$ cat protein-v4.cif   # mmCIF, C-alpha atoms
data_query
loop_
_atom_site.group_PDB
_atom_site.id
_atom_site.type_symbol
_atom_site.label_atom_id
_atom_site.label_comp_id
_atom_site.auth_asym_id
_atom_site.auth_seq_id
_atom_site.Cartn_x
_atom_site.Cartn_y
_atom_site.Cartn_z
ATOM 1 C CA MET A 1 17.039 76.773 67.274
ATOM 2 C CA ASP A 2 19.433 76.454 70.163
ATOM 3 C CA SER A 3 22.048 73.832 70.623
ATOM 4 C CA SER A 4 20.283 72.160 73.544
ATOM 5 C CA THR A 5 17.320 71.212 71.433
ATOM 6 C CA SER A 6 19.482 69.591 68.677
ATOM 7 C CA ARG A 7 21.366 67.605 71.221
ATOM 8 C CA ARG A 8 18.131 66.324 72.734
ATOM 9 C CA HIS A 9 16.774 64.831 69.451
ATOM 10 C CA PHE A 10 19.971 63.625 67.731
ATOM 11 C CA HIS A 11 22.773 61.447 69.025
ATOM 12 C CA TRP A 12 26.008 62.481 67.390
ATOM 13 C CA THR A 13 28.817 59.984 67.153
ATOM 14 C CA GLN A 14 32.324 61.066 67.468
ATOM 15 C CA LYS A 15 33.909 58.087 65.643
ATOM 16 C CA VAL A 16 32.646 55.914 62.788
ATOM 17 C CA GLY A 17 34.969 53.124 63.846
ATOM 18 C CA SER A 18 33.244 52.883 67.242
ATOM 19 C CA GLN A 19 30.181 51.194 65.575
ATOM 20 C CA GLU A 20 32.281 48.211 64.615
ATOM 21 C CA GLU A 21 33.531 47.860 68.171
ATOM 22 C CA ASP A 22 30.018 48.080 69.715
ATOM 23 C CA ASP A 23 28.248 45.785 67.072
ATOM 24 C CA PRO A 24 27.052 42.670 68.928
ATOM 25 C CA CYS A 25 26.766 40.599 65.657
ATOM 26 C CA PRO A 26 29.797 41.303 63.532
ATOM 27 C CA LEU A 27 29.777 39.980 59.901
ATOM 28 C CA PRO A 28 32.122 37.131 59.112
ATOM 29 C CA SER A 29 35.252 37.915 57.189
ATOM 30 C CA LEU A 30 35.027 37.211 53.420
ATOM 31 C CA LYS A 31 38.740 37.300 52.754
ATOM 32 C CA PRO A 32 39.738 34.382 50.571
ATOM 33 C CA SER A 33 42.171 31.930 51.985
ATOM 34 C CA SER A 34 45.560 32.299 50.445
ATOM 35 C CA GLU A 35 46.618 28.812 51.449
ATOM 36 C CA PRO A 36 44.862 25.895 49.658
ATOM 37 C CA ALA A 37 43.604 22.983 51.710
ATOM 38 C CA GLU A 38 46.035 20.139 51.842
ATOM 39 C CA LEU A 39 44.790 16.699 50.613
ATOM 40 C CA ASP A 40 45.853 13.414 51.968
ATOM 41 C CA PRO A 41 48.405 11.711 49.611
ATOM 42 C CA GLU A 42 46.609 8.386 50.069
ATOM 43 C CA GLU A 43 43.304 9.949 48.990
ATOM 44 C CA ILE A 44 44.940 11.413 45.848
ATOM 45 C CA LYS A 45 46.398 7.992 44.990
ATOM 46 C CA LYS A 46 43.003 6.306 45.378
ATOM 47 C CA LYS A 47 41.353 8.843 43.037
ATOM 48 C CA LYS A 48 43.988 8.287 40.353
ATOM 49 C CA ASN A 49 43.633 4.503 40.497
ATOM 50 C CA ARG A 50 39.846 4.579 40.512
ATOM 51 C CA VAL A 51 38.388 3.064 37.292
ATOM 52 C CA VAL A 52 34.892 4.070 36.219
ATOM 53 C CA SER A 53 33.140 0.925 35.036
ATOM 54 C CA PRO A 54 30.620 1.415 32.136
ATOM 55 C CA GLU A 55 26.969 0.741 32.781
ATOM 56 C CA PRO A 56 25.858 -2.687 31.571
ATOM 57 C CA PRO A 57 23.595 -2.676 28.452
ATOM 58 C CA PRO A 58 19.904 -3.255 29.067
ATOM 59 C CA THR A 59 18.993 -6.884 28.870
ATOM 60 C CA ARG A 60 16.511 -7.860 26.145
ATOM 61 C CA ARG A 61 13.739 -10.213 26.971
ATOM 62 C CA LYS A 62 13.899 -13.318 24.833
ATOM 63 C CA MET A 63 10.722 -14.520 23.199
ATOM 64 C CA PRO A 64 9.653 -18.046 24.017
ATOM 65 C CA ALA A 65 10.536 -20.656 21.419
ATOM 66 C CA VAL A 66 6.845 -21.425 20.812
ATOM 67 C CA ALA A 67 6.056 -17.781 20.005
ATOM 68 C CA VAL A 68 9.013 -17.550 17.618
ATOM 69 C CA ALA A 69 7.913 -20.708 15.805
ATOM 70 C CA ARG A 70 4.349 -19.398 15.439
ATOM 71 C CA LEU A 71 5.554 -16.054 14.119
ATOM 72 C CA ARG A 72 7.753 -17.739 11.521
ATOM 73 C CA SER A 73 4.910 -19.968 10.367
ATOM 74 C CA VAL A 74 2.577 -16.970 9.981
ATOM 75 C CA LEU A 75 5.163 -15.050 7.950
ATOM 76 C CA ARG A 76 5.789 -18.116 5.780
ATOM 77 C CA VAL A 77 2.074 -18.529 5.013
ATOM 78 C CA PHE A 78 1.710 -14.791 4.317
ATOM 79 C CA ALA A 79 4.624 -14.805 1.873
ATOM 80 C CA LYS A 80 3.239 -17.870 0.113
ATOM 81 C CA SER A 81 -0.231 -16.339 -0.218
ATOM 82 C CA ARG A 82 1.219 -13.116 -1.647
ATOM 83 C CA SER A 83 3.145 -15.026 -4.287
ATOM 84 C CA THR A 84 -0.011 -16.808 -5.472
ATOM 85 C CA LEU A 85 -2.094 -13.632 -5.820
ATOM 86 C CA SER A 86 -2.728 -12.206 -9.279
ATOM 87 C CA PRO A 87 -0.889 -9.022 -10.198
ATOM 88 C CA CYS A 88 -2.463 -5.860 -8.816
ATOM 89 C CA LEU A 89 -4.182 -3.456 -11.178
ATOM 90 C CA GLY A 90 -4.021 0.301 -11.198
ATOM 91 C CA SER A 91 -6.460 2.938 -12.385
ATOM 92 C CA ARG A 92 -5.424 2.434 -16.039
ATOM 93 C CA VAL A 93 -5.192 -1.092 -17.465
ATOM 94 C CA ILE A 94 -4.794 -2.822 -20.803
ATOM 95 C CA GLY A 95 -7.893 -4.729 -21.924
ATOM 96 C CA THR A 96 -7.920 -7.358 -24.674
ATOM 97 C CA LEU A 97 -10.952 -9.178 -26.081
ATOM 98 C CA PHE A 98 -10.169 -12.143 -28.313
ATOM 99 C CA GLY A 99 -11.512 -15.450 -29.564
ATOM 100 C CA SER A 100 -11.940 -17.529 -32.688
ATOM 101 C CA ARG A 101 -14.735 -16.642 -35.113
ATOM 102 C CA ARG A 102 -16.673 -19.728 -34.065
ATOM 103 C CA GLY A 103 -15.667 -19.536 -30.400
ATOM 104 C CA HIS A 104 -16.506 -17.615 -27.271
ATOM 105 C CA VAL A 105 -15.301 -14.248 -26.089
ATOM 106 C CA HIS A 106 -12.255 -14.077 -23.809
ATOM 107 C CA PHE A 107 -11.234 -10.863 -22.182
ATOM 108 C CA ALA A 108 -8.091 -10.163 -20.202
ATOM 109 C CA PHE A 109 -6.987 -7.194 -18.127
ATOM 110 C CA GLN A 110 -3.278 -6.509 -17.699
ATOM 111 C CA ARG A 111 -1.409 -3.966 -15.606
ATOM 112 C CA ASP A 112 0.939 -3.246 -18.546
ATOM 113 C CA PRO A 113 1.335 -4.788 -22.021
ATOM 114 C CA ASN A 114 4.047 -7.307 -21.045
ATOM 115 C CA SER A 115 2.636 -8.505 -17.690
ATOM 116 C CA GLU A 116 0.527 -11.554 -16.970
ATOM 117 C CA PRO A 117 -3.218 -10.865 -16.917
ATOM 118 C CA ALA A 118 -4.686 -10.094 -13.509
ATOM 119 C CA LEU A 119 -8.064 -11.287 -14.791
ATOM 120 C CA LEU A 120 -8.873 -13.667 -17.633
ATOM 121 C CA VAL A 121 -12.532 -14.586 -18.165
ATOM 122 C CA GLU A 122 -14.268 -16.701 -20.813
ATOM 123 C CA LEU A 123 -17.820 -15.628 -21.646
ATOM 124 C CA ALA A 124 -20.560 -17.823 -23.084
ATOM 125 C CA THR A 125 -21.244 -15.091 -25.644
ATOM 126 C CA PRO A 126 -19.966 -15.881 -29.172
ATOM 127 C CA ILE A 127 -17.469 -13.339 -30.386
ATOM 128 C CA ALA A 128 -19.468 -12.876 -33.608
ATOM 129 C CA GLY A 129 -22.468 -11.781 -31.524
ATOM 130 C CA LEU A 130 -20.346 -9.305 -29.553
ATOM 131 C CA VAL A 131 -19.007 -7.802 -32.780
ATOM 132 C CA LYS A 132 -22.594 -7.227 -33.984
ATOM 133 C CA GLU A 133 -23.527 -5.596 -30.661
ATOM 134 C CA MET A 134 -20.552 -3.240 -30.824
ATOM 135 C CA ALA A 135 -21.346 -2.336 -34.436
ATOM 136 C CA SER A 136 -24.875 -1.284 -33.441
ATOM 137 C CA GLY A 137 -23.848 1.003 -30.585
ATOM 138 C CA LEU A 138 -22.642 1.004 -26.985
ATOM 139 C CA VAL A 139 -22.066 -2.305 -25.210
ATOM 140 C CA ARG A 140 -22.471 -2.885 -21.472
ATOM 141 C CA ILE A 141 -21.351 -6.226 -20.058
ATOM 142 C CA ALA A 142 -22.224 -6.964 -16.438
ATOM 143 C CA LEU A 143 -20.777 -9.916 -14.543
ATOM 144 C CA GLU A 144 -22.567 -10.785 -11.309
ATOM 145 C CA CYS A 145 -21.765 -13.236 -8.543
ATOM 146 C CA ASP A 146 -23.352 -13.984 -5.185
ATOM 147 C CA ARG A 147 -22.213 -12.642 -1.849
ATOM 148 C CA GLU A 148 -20.916 -15.107 0.703
ATOM 149 C CA LYS A 149 -23.416 -16.849 2.926
ATOM 150 C CA GLU A 150 -22.994 -17.740 6.585
ATOM 151 C CA GLY A 151 -20.348 -20.416 7.026
ATOM 152 C CA GLU A 152 -19.327 -20.201 3.343
ATOM 153 C CA LYS A 153 -15.817 -19.098 2.465
ATOM 154 C CA LYS A 154 -15.662 -16.808 -0.551
ATOM 155 C CA ALA A 155 -12.798 -15.290 -2.497
ATOM 156 C CA ALA A 156 -11.278 -12.306 -0.716
ATOM 157 C CA ARG A 157 -10.816 -10.266 -3.907
ATOM 158 C CA LEU A 158 -13.497 -9.587 -6.462
ATOM 159 C CA LEU A 159 -11.192 -10.481 -9.353
ATOM 160 C CA GLU A 160 -10.719 -13.981 -7.905
ATOM 161 C CA GLU A 161 -14.373 -15.042 -8.151
ATOM 162 C CA PRO A 162 -14.554 -18.235 -10.257
ATOM 163 C CA LEU A 163 -18.108 -18.015 -11.713
ATOM 164 C CA TRP A 164 -20.225 -15.130 -12.947
ATOM 165 C CA ARG A 165 -23.689 -14.562 -14.414
ATOM 166 C CA THR A 166 -23.364 -12.571 -17.644
ATOM 167 C CA PHE A 167 -25.645 -9.797 -18.911
ATOM 168 C CA CYS A 168 -25.013 -8.012 -22.209
ATOM 169 C CA ASN A 169 -26.951 -4.760 -22.604
ATOM 170 C CA GLY A 170 -29.435 -5.997 -20.003
ATOM 171 C CA ARG A 171 -30.002 -9.419 -21.594
ATOM 172 C CA LYS A 172 -28.874 -12.560 -19.815
ATOM 173 C CA SER A 173 -26.074 -14.253 -21.753
ATOM 174 C CA GLY A 174 -25.232 -17.397 -19.798
ATOM 175 C CA PHE A 175 -22.266 -17.687 -17.452
ATOM 176 C CA ALA A 176 -18.643 -16.601 -17.466
ATOM 177 C CA THR A 177 -15.775 -18.487 -15.850
ATOM 178 C CA LYS A 178 -12.409 -17.298 -14.615
ATOM 179 C CA LYS A 179 -9.500 -19.019 -16.359
ATOM 180 C CA ASP A 180 -5.815 -19.423 -15.722
ATOM 181 C CA CYS A 181 -3.587 -17.919 -18.366
ATOM 182 C CA GLY A 182 -1.985 -20.861 -20.144
ATOM 183 C CA ALA A 183 0.580 -20.981 -22.909
ATOM 184 C CA LYS A 184 -2.114 -20.673 -25.596
ATOM 185 C CA GLU A 185 -3.623 -17.465 -24.156
ATOM 186 C CA MET A 186 -0.222 -16.006 -23.358
ATOM 187 C CA LYS A 187 0.904 -16.511 -26.949
ATOM 188 C CA ILE A 188 -2.058 -14.469 -28.216
ATOM 189 C CA LEU A 189 -1.373 -11.690 -25.727
ATOM 190 C CA LYS A 190 2.282 -11.635 -26.760
ATOM 191 C CA ALA A 191 1.249 -11.337 -30.404
ATOM 192 C CA VAL A 192 -0.827 -8.202 -29.718
ATOM 193 C CA GLU A 193 1.603 -6.744 -27.148
ATOM 194 C CA PRO A 194 2.935 -3.981 -29.470
ATOM 195 C CA ILE A 195 -0.646 -2.821 -30.181
ATOM 196 C CA SER A 196 -1.878 -0.149 -27.809
ATOM 197 C CA MET A 197 -5.299 0.253 -29.418
ATOM 198 C CA GLY A 198 -6.970 -1.417 -32.364
ATOM 199 C CA ALA A 199 -8.758 -4.477 -33.696
ATOM 200 C CA GLY A 200 -7.898 -7.168 -36.225
ATOM 201 C CA VAL A 201 -7.399 -10.866 -36.800
ATOM 202 C CA LEU A 202 -4.583 -13.293 -36.104
ATOM 203 C CA PRO A 203 -3.934 -16.641 -37.782
ATOM 204 C CA ARG A 204 -5.208 -19.681 -35.928
ATOM 205 C CA SER A 205 -1.591 -20.745 -35.381
ATOM 206 C CA TYR A 206 -1.373 -18.239 -32.518
ATOM 207 C CA GLU A 207 -3.893 -20.289 -30.564
ATOM 208 C CA SER A 208 -2.910 -23.781 -31.596
ATOM 209 C CA GLU A 209 0.423 -25.360 -32.340
ATOM 210 C CA SER A 210 -1.233 -27.893 -34.674
ATOM 211 C CA PRO A 211 0.249 -27.820 -38.189
ATOM 212 C CA GLU A 212 -3.195 -28.580 -39.637
ATOM 213 C CA SER A 213 -4.494 -25.089 -38.844
ATOM 214 C CA GLU A 214 -4.836 -22.885 -41.917
ATOM 215 C CA ALA A 215 -4.785 -19.113 -42.049
ATOM 216 C CA GLY A 216 -7.679 -17.372 -43.767
ATOM 217 C CA SER A 217 -10.309 -19.838 -42.494
ATOM 218 C CA ASP A 218 -13.077 -19.339 -39.933
ATOM 219 C CA ASP A 219 -10.618 -20.290 -37.202
ATOM 220 C CA GLU A 220 -8.860 -16.932 -37.297
ATOM 221 C CA ILE A 221 -8.444 -15.194 -33.970
ATOM 222 C CA MET A 222 -10.342 -11.926 -33.728
ATOM 223 C CA TYR A 223 -9.132 -9.398 -31.181
ATOM 224 C CA MET A 224 -9.770 -5.905 -29.924
ATOM 225 C CA ARG A 225 -7.278 -4.122 -27.683
ATOM 226 C CA ALA A 226 -7.586 -0.795 -25.852
ATOM 227 C CA ARG A 227 -6.877 0.997 -22.615
ATOM 228 C CA PHE A 228 -9.503 0.883 -19.909
ATOM 229 C CA GLU A 229 -10.116 3.123 -16.936
ATOM 230 C CA ARG A 230 -10.683 1.107 -13.773
ATOM 231 C CA ILE A 231 -13.055 2.422 -11.100
ATOM 232 C CA VAL A 232 -13.289 0.604 -7.755
ATOM 233 C CA GLY A 233 -16.563 1.375 -6.031
ATOM 234 C CA SER A 234 -16.097 -1.022 -3.112
ATOM 235 C CA LYS A 235 -14.805 -4.514 -2.430
ATOM 236 C CA ASP A 236 -17.961 -5.780 -4.182
ATOM 237 C CA SER A 237 -17.998 -3.574 -7.282
ATOM 238 C CA GLU A 238 -15.546 -2.588 -9.998
ATOM 239 C CA ALA A 239 -16.005 -1.082 -13.436
ATOM 240 C CA PHE A 240 -13.809 -0.937 -16.532
ATOM 241 C CA TYR A 241 -14.487 1.777 -19.143
ATOM 242 C CA MET A 242 -12.795 1.646 -22.510
ATOM 243 C CA VAL A 243 -10.858 4.830 -23.268
ATOM 244 C CA ASN A 244 -11.519 5.899 -26.855
ATOM 245 C CA PRO A 245 -10.354 9.373 -27.889
ATOM 246 C CA ASP A 246 -12.753 9.354 -30.879
ATOM 247 C CA SER A 247 -15.928 8.682 -28.860
ATOM 248 C CA ASN A 248 -16.336 12.194 -27.341
ATOM 249 C CA GLY A 249 -15.865 10.870 -23.815
ATOM 250 C CA THR A 250 -18.505 8.122 -24.120
ATOM 251 C CA PRO A 251 -17.015 4.628 -23.722
ATOM 252 C CA GLU A 252 -18.050 2.191 -26.447
ATOM 253 C CA LEU A 253 -17.506 -0.766 -24.115
ATOM 254 C CA SER A 254 -17.983 -0.994 -20.365
ATOM 255 C CA ILE A 255 -17.523 -4.050 -18.172
ATOM 256 C CA TYR A 256 -18.920 -4.235 -14.638
ATOM 257 C CA LEU A 257 -18.031 -6.730 -11.915
ATOM 258 C CA LEU A 258 -20.585 -6.959 -9.104
ATOM 259 C CA ARG A 259 -21.280 -9.033 -5.994
ATOM 260 C CA VAL A 260 -25.036 -9.043 -5.342
#
$ encode --input "protein-v4.cif" --output "structure tokens"
Amino acid sequence: MDSSTSRRHFHWTQKVGSQEEDDPCPLPSLKPSSEPAELDPEEIKKKKNRVVSPEPPPTRRKMPAVAVARLRSVLRVFAKSRSTLSPCLGSRVIGTLFGSRRGHVHFAFQRDPNSEPALLVELATPIAGLVKEMASGLVRIALECDREKEGEKKAARLLEEPLWRTFCNGRKSGFATKKDCGAKEMKILKAVEPISMGAGVLPRSYESESPESEAGSDDEIMYMRARFERIVGSKDSEAFYMVNPDSNGTPELSIYLLRV
């Protein structure tokens, strides 16, 4: 290849520095400035004296006085209603059946041995008849009440129903009524408080403060005390099964509360 051909296809530059002189768009210089920019003394003074004010807290909307008064009244009524309710029961309760030999059966369910009964009911069944039923085998007591009708206000809780129809082993046995626990009933429950399970008799003096009552007569208080397992089926049905370790898992006494 001769030198004329290479010269025709390639343009040789004699100086590298000549490209910088012939470049129509030279790059700007990136050399840092050695001299800092001077600030106005007045501007520096204003920045030093500037005070950053904190942001104001968000304003809370005040409730109207009428709404506050209504809310307080609702809370007051709710607190009052809670204080009047009977003690709540758990899945295991203490059950006590008692009554004089010539009287009717009372049964009470307590959350623990030293608490007030959450339910105290007096049955029309004589306690002597219940003792005979329990001696012959298993006893099932069903208490039934009616559901609320239209426009009729009923008790909110099943344990607060005042009147029940009673059935003992399928036979109608009159009516049962809910009772308040007075001093007389509380004295009997206090007397059997140390007993976790068992049956026996108490002198009549536990039920009456009258000095004329005599121990050993027909006015003795019979009682039976045991733990019961509580099963809540719905707001209209509950069951209480007596826990007896000697019965091979079969409860000797079961009590059912039903709204029908």
$ atom_distance --input "protein-v4.cif" --atom1 "atom CA of A:Met242" --atom2 "atom CA of A:Arg165"
21.1 Å
$ resolve_selection --input "protein-v4.cif" --expression "the PyMOL selection byres ((chain A and resi 89-95) around 12)" --output "JSON, numbers by chain"
{"A": [85, 86, 87, 88, 96, 97, 98, 106, 107, 108, 109, 110, 111, 112, 113, 114, 115, 116, 117, 118, 119, 120, 121, 157, 159, 189, 192, 193, 194, 195, 196, 197, 198, 199, 223, 224, 225, 226, 227, 228, 229, 230, 231, 232, 238, 239, 240, 241, 242, 243, 253, 254, 255]}
$ write_last_selection --input "protein-v4.cif" --atoms "C-alpha atoms" --output "mmCIF file, in the frame of the given file"
data_model
loop_
_atom_site.group_PDB
_atom_site.id
_atom_site.type_symbol
_atom_site.label_atom_id
_atom_site.label_comp_id
_atom_site.auth_asym_id
_atom_site.auth_seq_id
_atom_site.Cartn_x
_atom_site.Cartn_y
_atom_site.Cartn_z
ATOM 1 C CA LEU A 85 -2.094 -13.632 -5.820
ATOM 2 C CA SER A 86 -2.728 -12.206 -9.279
ATOM 3 C CA PRO A 87 -0.889 -9.022 -10.198
ATOM 4 C CA CYS A 88 -2.463 -5.860 -8.816
ATOM 5 C CA THR A 96 -7.920 -7.358 -24.674
ATOM 6 C CA LEU A 97 -10.952 -9.178 -26.081
ATOM 7 C CA PHE A 98 -10.169 -12.143 -28.313
ATOM 8 C CA HIS A 106 -12.255 -14.077 -23.809
ATOM 9 C CA PHE A 107 -11.234 -10.863 -22.182
ATOM 10 C CA ALA A 108 -8.091 -10.163 -20.202
ATOM 11 C CA PHE A 109 -6.987 -7.194 -18.127
ATOM 12 C CA GLN A 110 -3.278 -6.509 -17.699
ATOM 13 C CA ARG A 111 -1.409 -3.966 -15.606
ATOM 14 C CA ASP A 112 0.939 -3.246 -18.546
ATOM 15 C CA PRO A 113 1.335 -4.788 -22.021
ATOM 16 C CA ASN A 114 4.047 -7.307 -21.045
ATOM 17 C CA SER A 115 2.636 -8.505 -17.690
ATOM 18 C CA GLU A 116 0.527 -11.554 -16.970
ATOM 19 C CA PRO A 117 -3.218 -10.865 -16.917
ATOM 20 C CA ALA A 118 -4.686 -10.094 -13.509
ATOM 21 C CA LEU A 119 -8.064 -11.287 -14.791
ATOM 22 C CA LEU A 120 -8.873 -13.667 -17.633
ATOM 23 C CA VAL A 121 -12.532 -14.586 -18.165
ATOM 24 C CA ARG A 157 -10.816 -10.266 -3.907
ATOM 25 C CA LEU A 159 -11.192 -10.481 -9.353
ATOM 26 C CA LEU A 189 -1.373 -11.690 -25.727
ATOM 27 C CA VAL A 192 -0.827 -8.202 -29.718
ATOM 28 C CA GLU A 193 1.603 -6.744 -27.148
ATOM 29 C CA PRO A 194 2.935 -3.981 -29.470
ATOM 30 C CA ILE A 195 -0.646 -2.821 -30.181
ATOM 31 C CA SER A 196 -1.878 -0.149 -27.809
ATOM 32 C CA MET A 197 -5.299 0.253 -29.418
ATOM 33 C CA GLY A 198 -6.970 -1.417 -32.364
ATOM 34 C CA ALA A 199 -8.758 -4.477 -33.696
ATOM 35 C CA TYR A 223 -9.132 -9.398 -31.181
ATOM 36 C CA MET A 224 -9.770 -5.905 -29.924
ATOM 37 C CA ARG A 225 -7.278 -4.122 -27.683
ATOM 38 C CA ALA A 226 -7.586 -0.795 -25.852
ATOM 39 C CA ARG A 227 -6.877 0.997 -22.615
ATOM 40 C CA PHE A 228 -9.503 0.883 -19.909
ATOM 41 C CA GLU A 229 -10.116 3.123 -16.936
ATOM 42 C CA ARG A 230 -10.683 1.107 -13.773
ATOM 43 C CA ILE A 231 -13.055 2.422 -11.100
ATOM 44 C CA VAL A 232 -13.289 0.604 -7.755
ATOM 45 C CA GLU A 238 -15.546 -2.588 -9.998
ATOM 46 C CA ALA A 239 -16.005 -1.082 -13.436
ATOM 47 C CA PHE A 240 -13.809 -0.937 -16.532
ATOM 48 C CA TYR A 241 -14.487 1.777 -19.143
ATOM 49 C CA MET A 242 -12.795 1.646 -22.510
ATOM 50 C CA VAL A 243 -10.858 4.830 -23.268
ATOM 51 C CA LEU A 253 -17.506 -0.766 -24.115
ATOM 52 C CA SER A 254 -17.983 -0.994 -20.365
ATOM 53 C CA ILE A 255 -17.523 -4.050 -18.172
#
$ atom_distance --input "protein-v4.cif" --atom1 "atom CA of A:Arg101" --atom2 "atom CA of A:Ala135"
15.8 Å
$ resolve_selection --input "protein-v4.cif" --expression "the PyMOL selection byres ((chain A and resi 258) around 6)" --output "MDAnalysis selection string"
chainID A and resid 144 236:237 257 259
$ closest_residue --input "protein-v4.cif" --among "A:Asn244, A:Ser100, A:Ser136, A:Thr125" --to "A:Cys168" --atoms "all atoms listed in the file"
A:Thr125
$ closest_residue --input "protein-v4.cif" --among "A:Gly170, A:Pro245, A:Pro251, A:Gly233" --to "A:Ile141" --atoms "only C-alpha atoms"
A:Gly170
$ residues_around --input "protein-v4.cif" --residues "stretch 171-188 of chain A" --least-positions-apart "6" --cutoff "6 Å" --atoms "only C-alpha atoms" --output "number ranges by chain"
A: 120-124, 162-165, 206-207
$ atom_distance --input "protein-v4.cif" --atom1 "atom CA of A:Ala142" --atom2 "atom CA of A:Phe167"
5.1 Å
$ resolve_selection --input "protein-v4.cif" --expression "the PyMOL selection byres ((chain A and resi 127) around 7)" --output "list in words"
Gly99, Arg101, Gly103, His104, Val105, Thr125, Pro126, Ala128, Gly129, Leu130 and Val131 of chain A
$ closest_residue --input "protein-v4.cif" --among "A:Asp146, A:Glu252, A:Glu42, A:Glu220" --to "A:Asn169" --atoms "all atoms listed in the file"
A:Glu252
$ build_atoms --input "protein-v4.cif" --residues "stretch 133-149 of chain A" --atoms "N, CA and C atoms" --output "mmCIF file, in the frame of the given file"
data_model
loop_
_atom_site.group_PDB
_atom_site.id
_atom_site.type_symbol
_atom_site.label_atom_id
_atom_site.label_comp_id
_atom_site.auth_asym_id
_atom_site.auth_seq_id
_atom_site.Cartn_x
_atom_site.Cartn_y
_atom_site.Cartn_z
ATOM 1 N N GLU A 133 -23.053 -6.530 -31.681
ATOM 2 C CA GLU A 133 -23.527 -5.596 -30.661
ATOM 3 C C GLU A 133 -22.712 -4.306 -30.685
ATOM 4 N N MET A 134 -21.410 -4.430 -30.825
ATOM 5 C CA MET A 134 -20.552 -3.240 -30.824
ATOM 6 C C MET A 134 -20.750 -2.432 -32.093
ATOM 7 N N ALA A 135 -21.102 -3.069 -33.195
ATOM 8 C CA ALA A 135 -21.346 -2.336 -34.436
ATOM 9 C C ALA A 135 -22.631 -1.529 -34.355
ATOM 10 N N SER A 136 -23.586 -1.980 -33.540
ATOM 11 C CA SER A 136 -24.875 -1.284 -33.441
ATOM 12 C C SER A 136 -24.861 -0.134 -32.438
ATOM 13 N N GLY A 137 -23.882 -0.084 -31.563
ATOM 14 C CA GLY A 137 -23.848 1.003 -30.585
ATOM 15 C C GLY A 137 -23.025 0.635 -29.363
ATOM 16 N N LEU A 138 -23.358 1.224 -28.222
ATOM 17 C CA LEU A 138 -22.642 1.004 -26.985
ATOM 18 C C LEU A 138 -22.944 -0.376 -26.421
ATOM 19 N N VAL A 139 -21.935 -0.970 -25.786
ATOM 20 C CA VAL A 139 -22.066 -2.305 -25.210
ATOM 21 C C VAL A 139 -21.755 -2.231 -23.727
ATOM 22 N N ARG A 140 -22.654 -2.790 -22.913
ATOM 23 C CA ARG A 140 -22.471 -2.885 -21.472
ATOM 24 C C ARG A 140 -22.516 -4.355 -21.080
ATOM 25 N N ILE A 141 -21.424 -4.828 -20.514
ATOM 26 C CA ILE A 141 -21.351 -6.226 -20.058
ATOM 27 C C ILE A 141 -21.263 -6.205 -18.539
ATOM 28 N N ALA A 142 -22.201 -6.888 -17.896
ATOM 29 C CA ALA A 142 -22.224 -6.964 -16.438
ATOM 30 C C ALA A 142 -22.011 -8.410 -16.012
ATOM 31 N N LEU A 143 -21.064 -8.598 -15.114
ATOM 32 C CA LEU A 143 -20.777 -9.916 -14.543
ATOM 33 C C LEU A 143 -21.165 -9.876 -13.068
ATOM 34 N N GLU A 144 -22.071 -10.769 -12.678
ATOM 35 C CA GLU A 144 -22.567 -10.785 -11.309
ATOM 36 C C GLU A 144 -22.254 -12.109 -10.639
ATOM 37 N N CYS A 145 -21.948 -12.025 -9.357
ATOM 38 C CA CYS A 145 -21.765 -13.236 -8.543
ATOM 39 C C CYS A 145 -22.447 -13.004 -7.200
ATOM 40 N N ASP A 146 -22.633 -14.070 -6.449
ATOM 41 C CA ASP A 146 -23.352 -13.984 -5.185
ATOM 42 C C ASP A 146 -22.410 -13.626 -4.048
ATOM 43 N N ARG A 147 -22.959 -12.899 -3.078
ATOM 44 C CA ARG A 147 -22.213 -12.642 -1.849
ATOM 45 C C ARG A 147 -22.082 -13.929 -1.051
ATOM 46 N N GLU A 148 -21.124 -13.924 -0.118
ATOM 47 C CA GLU A 148 -20.916 -15.107 0.703
ATOM 48 C C GLU A 148 -22.066 -15.276 1.690
ATOM 49 N N LYS A 149 -22.400 -16.523 1.937
ATOM 50 C CA LYS A 149 -23.416 -16.849 2.926
ATOM 51 C C LYS A 149 -22.742 -17.219 4.239
#
